[in-house]
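Peer 1: Dropping the structure in here first, questions after.
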Amino acid sequence: MTARSEQLTSLALAIVLAIGAGVIWGVIVGFSFSTISAIVFSHDVNEQLTFLHDGTPVIQSYLGADYTARTYRTLEGKPVDVEDIDLRCGDFLSGPQDTRKRFADLTWERRIAPLRDDYYGRENWYFIHDGQLRGHAYFVSYDKAAKARTGYMGRNGFRPDEPPLEDQFSINGRRMSKSGFPAAILNLYNGSNDVRGKCLLADDGLWRIDMKKRSVAVLRKDSTSVSAVMSYKPRTNLKLDGGIATILLRTPDRVLVLDMDGKEIEAYRLPAELRDSDLQWIPLPDGKALVQTTQPETELFWINTAAVSCDANTSSCRSHTSNGRP
């Protein structure tokens, strides 16, 4: 072996040893950092506000990442025994769109949404939005086996070709940019949690989309709607009876409770300080609701129904509102 070959071999060996040592030191440093972080942060107290089924707010606490060792106390600091079955979450109702901000083009994740609620059906449906500020949208279906397009749905129902612009749903791009999947669509469930179809909140109102029946229907005409969500109205105790399936529809100054056919059951007048905020809405028995807002800080409001007596013949309601803070 020549001297030059020996030099190259030694250089290669030195490089390999250096890389190996670097990897080992990297593993040691990374492991040490993870261990130290786990020790340091294991003593951090994590707290969040949650709610019981009767609407009582409680503070949940646990150390570090040990989520299994949770404790609960009331807002006054009194410890309470709580199990997972005792807890409930609010329904998220987004606030009005901020029109002061420049509209950014929607990403593909916001523009196209798969609607896979019929696993045993022969079609897959997709929601398509053009991504524009003054946007439009439609639905398209594909045969699962043939991988071929089978049709579309627009404002006038099912059709074999792509709906022209006048037959598409008008949906402002800002509505699509809010958090959600996407923000304009909500699932409709019956009491056994089977999907009954979709609701689409368009610029001109609330629409029901039934993929199985290939049908489209207007549930409520309203150009002022802000947001909507599927909810359950408790009879007495939501933990025990599951509640009645409803739709919460938010307008600039109210939250309306609708049945699955779009008929108004109740209405709540929002106090002025809540009208620009995102809300967590918790329906309670006897025409009451608990509302949480985190903008600019967490506040709780108890609101009485603004429609406790309705005329079934005229669908008119007498309104009387009250609200309060804890």
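Ligands are numbered from 1 in the order shown, residues from 1 within each chain, and chains are lettered A, B, ... in the order they appear in the structure tokens.
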Find the spatial neighbours of Arg122 in chain A, counting only C-alpha atoms, within a cut-off of 8 Å - ignore same-chain residues fewer than 2 positions away - and output them as a PDB file with N, CA and C atoms, in the first residue's frame.

Peer 2:
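Resulting contents of out.pdb:
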ATOM      1  N   TYR A 120     -70.935   2.989   3.689  1.00  0.00           N
ATOM      2  CA  TYR A 120     -71.425   1.827   2.956  1.00  0.00           C
ATOM      3  C   TYR A 120     -72.122   2.209   1.652  1.00  0.00           C
ATOM      4  N   ASN A 124     -68.652   8.866  -3.047  1.00  0.00           N
ATOM      5  CA  ASN A 124     -67.941   9.818  -2.195  1.00  0.00           C
ATOM      6  C   ASN A 124     -68.272  11.228  -2.674  1.00  0.00           C
ATOM      7  N   ASP A 143     -68.055   7.781  -7.993  1.00  0.00           N
ATOM      8  CA  ASP A 143     -68.341   6.387  -7.718  1.00  0.00           C
ATOM      9  C   ASP A 143     -67.114   5.737  -7.087  1.00  0.00           C
ATOM     10  N   LYS A 144     -67.276   5.073  -5.947  1.00  0.00           N
ATOM     11  CA  LYS A 144     -66.141   4.493  -5.238  1.00  0.00           C
ATOM     12  C   LYS A 144     -65.454   3.393  -6.033  1.00  0.00           C
ATOM     13  N   ALA A 145     -66.235   2.560  -6.681  1.00  0.00           N
ATOM     14  CA  ALA A 145     -65.664   1.423  -7.414  1.00  0.00           C
ATOM     15  C   ALA A 145     -65.080   1.849  -8.756  1.00  0.00           C
TER      16      ALA A 145
END

Peer 1: According to DSSP computed on the backbone, where in range 54-263 of chain A is there helix (DSSP H, G or I)? Give the residues as a ChimeraX atom specification.

Peer 2: /A:84-86,108-111,165-167,173-177,238-241

Peer 1: Would you save the residues from that selection as a short mmCIF file (atom, residue, chain, number, x, y, z; two decimals), in the first residue's frame, using N, CA and C atoms?

Peer 2:
data_model
loop_
_atom_site.label_atom_id
_atom_site.label_comp_id
_atom_site.auth_asym_id
_atom_site.auth_seq_id
_atom_site.Cartn_x
_atom_site.Cartn_y
_atom_site.Cartn_z
N ASP A 84 -65.36 11.81 34.15
CA ASP A 84 -65.47 12.25 32.76
C ASP A 84 -66.91 12.34 32.29
N ILE A 85 -67.75 11.43 32.76
CA ILE A 85 -69.15 11.41 32.31
C ILE A 85 -69.90 12.63 32.81
N ASP A 86 -69.36 13.30 33.84
CA ASP A 86 -70.04 14.48 34.39
C ASP A 86 -69.78 15.74 33.59
N TRP A 108 -55.94 25.05 -0.44
CA TRP A 108 -56.71 23.92 -0.96
C TRP A 108 -57.45 23.20 0.15
N GLU A 109 -56.86 23.17 1.36
CA GLU A 109 -57.52 22.49 2.48
C GLU A 109 -58.82 23.17 2.85
N ARG A 110 -58.92 24.49 2.61
CA ARG A 110 -60.15 25.22 2.88
C ARG A 110 -61.13 25.15 1.71
N ARG A 111 -60.60 24.94 0.52
CA ARG A 111 -61.45 24.98 -0.67
C ARG A 111 -62.11 23.65 -0.99
N LEU A 165 -72.60 29.34 -12.62
CA LEU A 165 -72.40 30.20 -11.47
C LEU A 165 -73.72 30.54 -10.77
N GLU A 166 -74.78 30.76 -11.54
CA GLU A 166 -76.05 31.14 -10.93
C GLU A 166 -76.71 29.98 -10.17
N ASP A 167 -76.24 28.75 -10.39
CA ASP A 167 -76.78 27.59 -9.69
C ASP A 167 -75.86 27.14 -8.55
N GLY A 173 -65.71 34.23 1.08
CA GLY A 173 -64.47 33.56 1.41
C GLY A 173 -64.05 33.73 2.85
N ARG A 174 -64.44 34.84 3.49
CA ARG A 174 -64.09 35.04 4.89
C ARG A 174 -64.77 34.01 5.78
N ARG A 175 -65.96 33.59 5.42
CA ARG A 175 -66.65 32.56 6.19
C ARG A 175 -65.87 31.25 6.12
N MET A 176 -65.30 30.96 4.95
CA MET A 176 -64.54 29.73 4.77
C MET A 176 -63.19 29.77 5.48
N SER A 177 -62.67 30.96 5.74
CA SER A 177 -61.34 31.07 6.33
C SER A 177 -61.36 30.88 7.84
N LEU A 238 -78.84 16.59 30.56
CA LEU A 238 -78.28 16.13 29.29
C LEU A 238 -77.51 14.83 29.45
N LYS A 239 -76.90 14.60 30.62
CA LYS A 239 -76.12 13.39 30.83
C LYS A 239 -77.01 12.15 30.77
N LEU A 240 -78.27 12.30 31.16
CA LEU A 240 -79.15 11.15 31.26
C LEU A 240 -79.99 10.93 30.01
N ASP A 241 -80.50 11.99 29.40
CA ASP A 241 -81.45 11.79 28.31
C ASP A 241 -80.90 12.12 26.92
#

Peer 1: From the list A:Thr56, A:Thr294, A:Thr99, A:Thr107, which residue is nearest Val82 in chain A when using only C-alpha atoms?

Peer 2: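 Closest residue, counting only C-alpha atoms: A:Thr56.
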
Peer 1: Do you have the CA of Pro57 in chain A-CA of Val45 in chain A distance handy?

Peer 2: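 Separating CA of Pro57 in chain A from CA of Val45 in chain A is a distance of 18.8 Å.
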
Peer 1: Among range 70-305 of chain A, which residues does DSSP mark as strand (DSSP E) when it is run on the backbone? Keep the chain and numbering as in the structure and answer as number ranges by chain.

Peer 2: A: 71-74, 79-80, 87-88, 91-93, 112-115, 123-129, 136-143, 149-154, 157-159, 169-170, 185-189, 195-202, 205-210, 215-221, 227-233, 244-250, 254-258, 264-269, 279-284, 288-293, 299-304

Peer 1: For the selection just defined, write its residues with C-alpha atoms to a file, as a tab-separated table (two decimals), in the first residue's frame.

Peer 2:
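Just written: out.tsv:
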chain	number	residue	atom	x	y	z
A	71	THR	CA	-58.58	17.55	40.30
A	72	TYR	CA	-61.55	19.89	40.14
A	73	ARG	CA	-62.74	22.88	42.14
A	74	THR	CA	-65.54	25.41	41.83
A	79	PRO	CA	-63.00	20.88	45.72
A	80	VAL	CA	-65.54	18.70	43.90
A	87	LEU	CA	-68.36	16.91	31.98
A	88	ARG	CA	-69.66	18.55	28.85
A	91	ASP	CA	-70.85	24.47	21.10
A	92	PHE	CA	-68.53	26.85	19.23
A	93	LEU	CA	-70.20	29.78	17.48
A	112	ILE	CA	-62.01	21.20	-0.93
A	113	ALA	CA	-63.60	19.10	1.81
A	114	PRO	CA	-64.43	15.36	1.62
A	115	LEU	CA	-67.85	14.55	3.09
A	123	GLU	CA	-70.46	7.42	-3.70
A	124	ASN	CA	-67.94	9.82	-2.20
A	125	TRP	CA	-69.03	13.45	-2.07
A	126	TYR	CA	-66.81	16.54	-2.00
A	127	PHE	CA	-67.47	20.20	-1.32
A	128	ILE	CA	-65.69	22.58	-3.73
A	129	HIS	CA	-65.20	26.32	-3.16
A	136	HIS	CA	-69.19	30.25	-4.90
A	137	ALA	CA	-69.35	26.54	-4.15
A	138	TYR	CA	-70.98	23.28	-5.20
A	139	PHE	CA	-70.87	19.54	-4.40
A	140	VAL	CA	-69.48	16.78	-6.64
A	141	SER	CA	-69.71	12.98	-6.27
A	142	TYR	CA	-67.53	10.08	-7.44
A	143	ASP	CA	-68.34	6.39	-7.72
A	149	ARG	CA	-67.53	11.29	-11.45
A	150	THR	CA	-71.28	10.65	-11.07
A	151	GLY	CA	-72.74	14.14	-10.74
A	152	TYR	CA	-73.03	17.48	-8.99
A	153	MET	CA	-75.38	19.31	-6.64
A	154	GLY	CA	-76.10	23.01	-6.71
A	157	GLY	CA	-80.42	19.93	-6.75
A	158	PHE	CA	-78.64	17.08	-8.52
A	159	ARG	CA	-77.38	17.49	-12.08
A	169	PHE	CA	-74.04	28.49	-3.54
A	170	SER	CA	-72.79	32.00	-2.74
A	185	ILE	CA	-70.70	22.99	6.66
A	186	LEU	CA	-72.12	21.16	9.64
A	187	ASN	CA	-73.25	17.57	10.13
A	188	LEU	CA	-76.83	16.80	11.10
A	189	TYR	CA	-77.32	13.91	13.51
A	195	VAL	CA	-75.62	11.34	10.14
A	196	ARG	CA	-78.83	12.65	8.59
A	197	GLY	CA	-77.12	14.81	6.02
A	198	LYS	CA	-75.36	18.16	5.92
A	199	CYS	CA	-76.24	21.78	6.46
A	200	LEU	CA	-74.57	24.47	4.42
A	201	LEU	CA	-74.50	28.05	5.69
A	202	ALA	CA	-74.45	30.16	2.55
A	205	GLY	CA	-79.33	31.33	4.44
A	206	LEU	CA	-79.19	27.77	5.74
A	207	TRP	CA	-79.50	24.85	3.30
A	208	ARG	CA	-80.00	21.13	3.90
A	209	ILE	CA	-77.97	18.83	1.64
A	210	ASP	CA	-79.00	15.15	1.55
A	215	SER	CA	-81.75	16.55	-2.70
A	216	VAL	CA	-81.32	20.20	-1.68
A	217	ALA	CA	-83.72	22.26	0.43
A	218	VAL	CA	-83.72	25.71	2.02
A	219	LEU	CA	-84.11	25.43	5.79
A	220	ARG	CA	-84.05	29.16	6.48
A	221	LYS	CA	-83.63	32.23	4.31
A	227	SER	CA	-72.37	31.06	12.01
A	228	ALA	CA	-74.15	27.79	12.81
A	229	VAL	CA	-73.47	24.58	14.72
A	230	MET	CA	-75.19	21.30	15.55
A	231	SER	CA	-76.29	21.16	19.20
A	232	TYR	CA	-78.55	19.38	21.70
A	233	LYS	CA	-81.25	21.03	23.76
A	244	ILE	CA	-83.08	17.01	21.54
A	245	ALA	CA	-81.06	17.51	18.36
A	246	THR	CA	-81.10	21.16	17.29
A	247	ILE	CA	-79.24	23.70	15.14
A	248	LEU	CA	-77.84	26.88	16.66
A	249	LEU	CA	-77.92	29.73	14.15
A	250	ARG	CA	-76.16	32.95	15.08
A	254	ARG	CA	-79.23	36.76	18.46
A	255	VAL	CA	-78.71	33.03	18.73
A	256	LEU	CA	-81.65	31.09	17.30
A	257	VAL	CA	-82.45	27.49	18.24
A	258	LEU	CA	-83.87	25.58	15.26
A	264	GLU	CA	-87.41	28.29	15.24
A	265	ILE	CA	-87.83	26.86	18.75
A	266	GLU	CA	-86.19	29.55	20.87
A	267	ALA	CA	-84.22	32.76	20.45
A	268	TYR	CA	-81.67	34.44	22.70
A	269	ARG	CA	-80.81	38.13	22.41
A	279	LEU	CA	-68.62	32.06	21.84
A	280	GLN	CA	-68.78	28.70	23.57
A	281	TRP	CA	-72.52	28.11	23.93
A	282	ILE	CA	-73.88	25.63	26.49
A	283	PRO	CA	-77.65	25.00	26.32
A	284	LEU	CA	-79.27	24.48	29.71
A	288	LYS	CA	-81.39	29.12	29.66
A	289	ALA	CA	-77.88	29.10	28.25
A	290	LEU	CA	-74.36	29.54	29.62
A	291	VAL	CA	-72.02	31.49	27.35
A	292	GLN	CA	-68.24	31.67	27.58
A	293	THR	CA	-66.09	34.18	25.75
A	299	GLU	CA	-66.02	35.77	30.96
A	300	LEU	CA	-69.17	33.79	31.69
A	301	PHE	CA	-72.74	34.90	30.99
A	302	TRP	CA	-76.00	33.24	31.93
A	303	ILE	CA	-78.70	34.20	29.43
A	304	ASN	CA	-82.44	33.58	29.62

Peer 1: Have a look at CA of Asp278 in chain A and CA of Gly77 in chain A and let me know their distance in Å, one decimal.

Peer 2: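 Distance between the two atoms: 27.1 Å.
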
Peer 1: Identify which of the residues A:Asp81, A:Ala272, A:Ala183, A:Arg155 lies closest to Val58 in chain A, counting only C-alpha atoms when measuring atom-to-atom distances.

Peer 2: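 Checking each candidate against Val58 in chain A, we get A:Asp81 as the closest.
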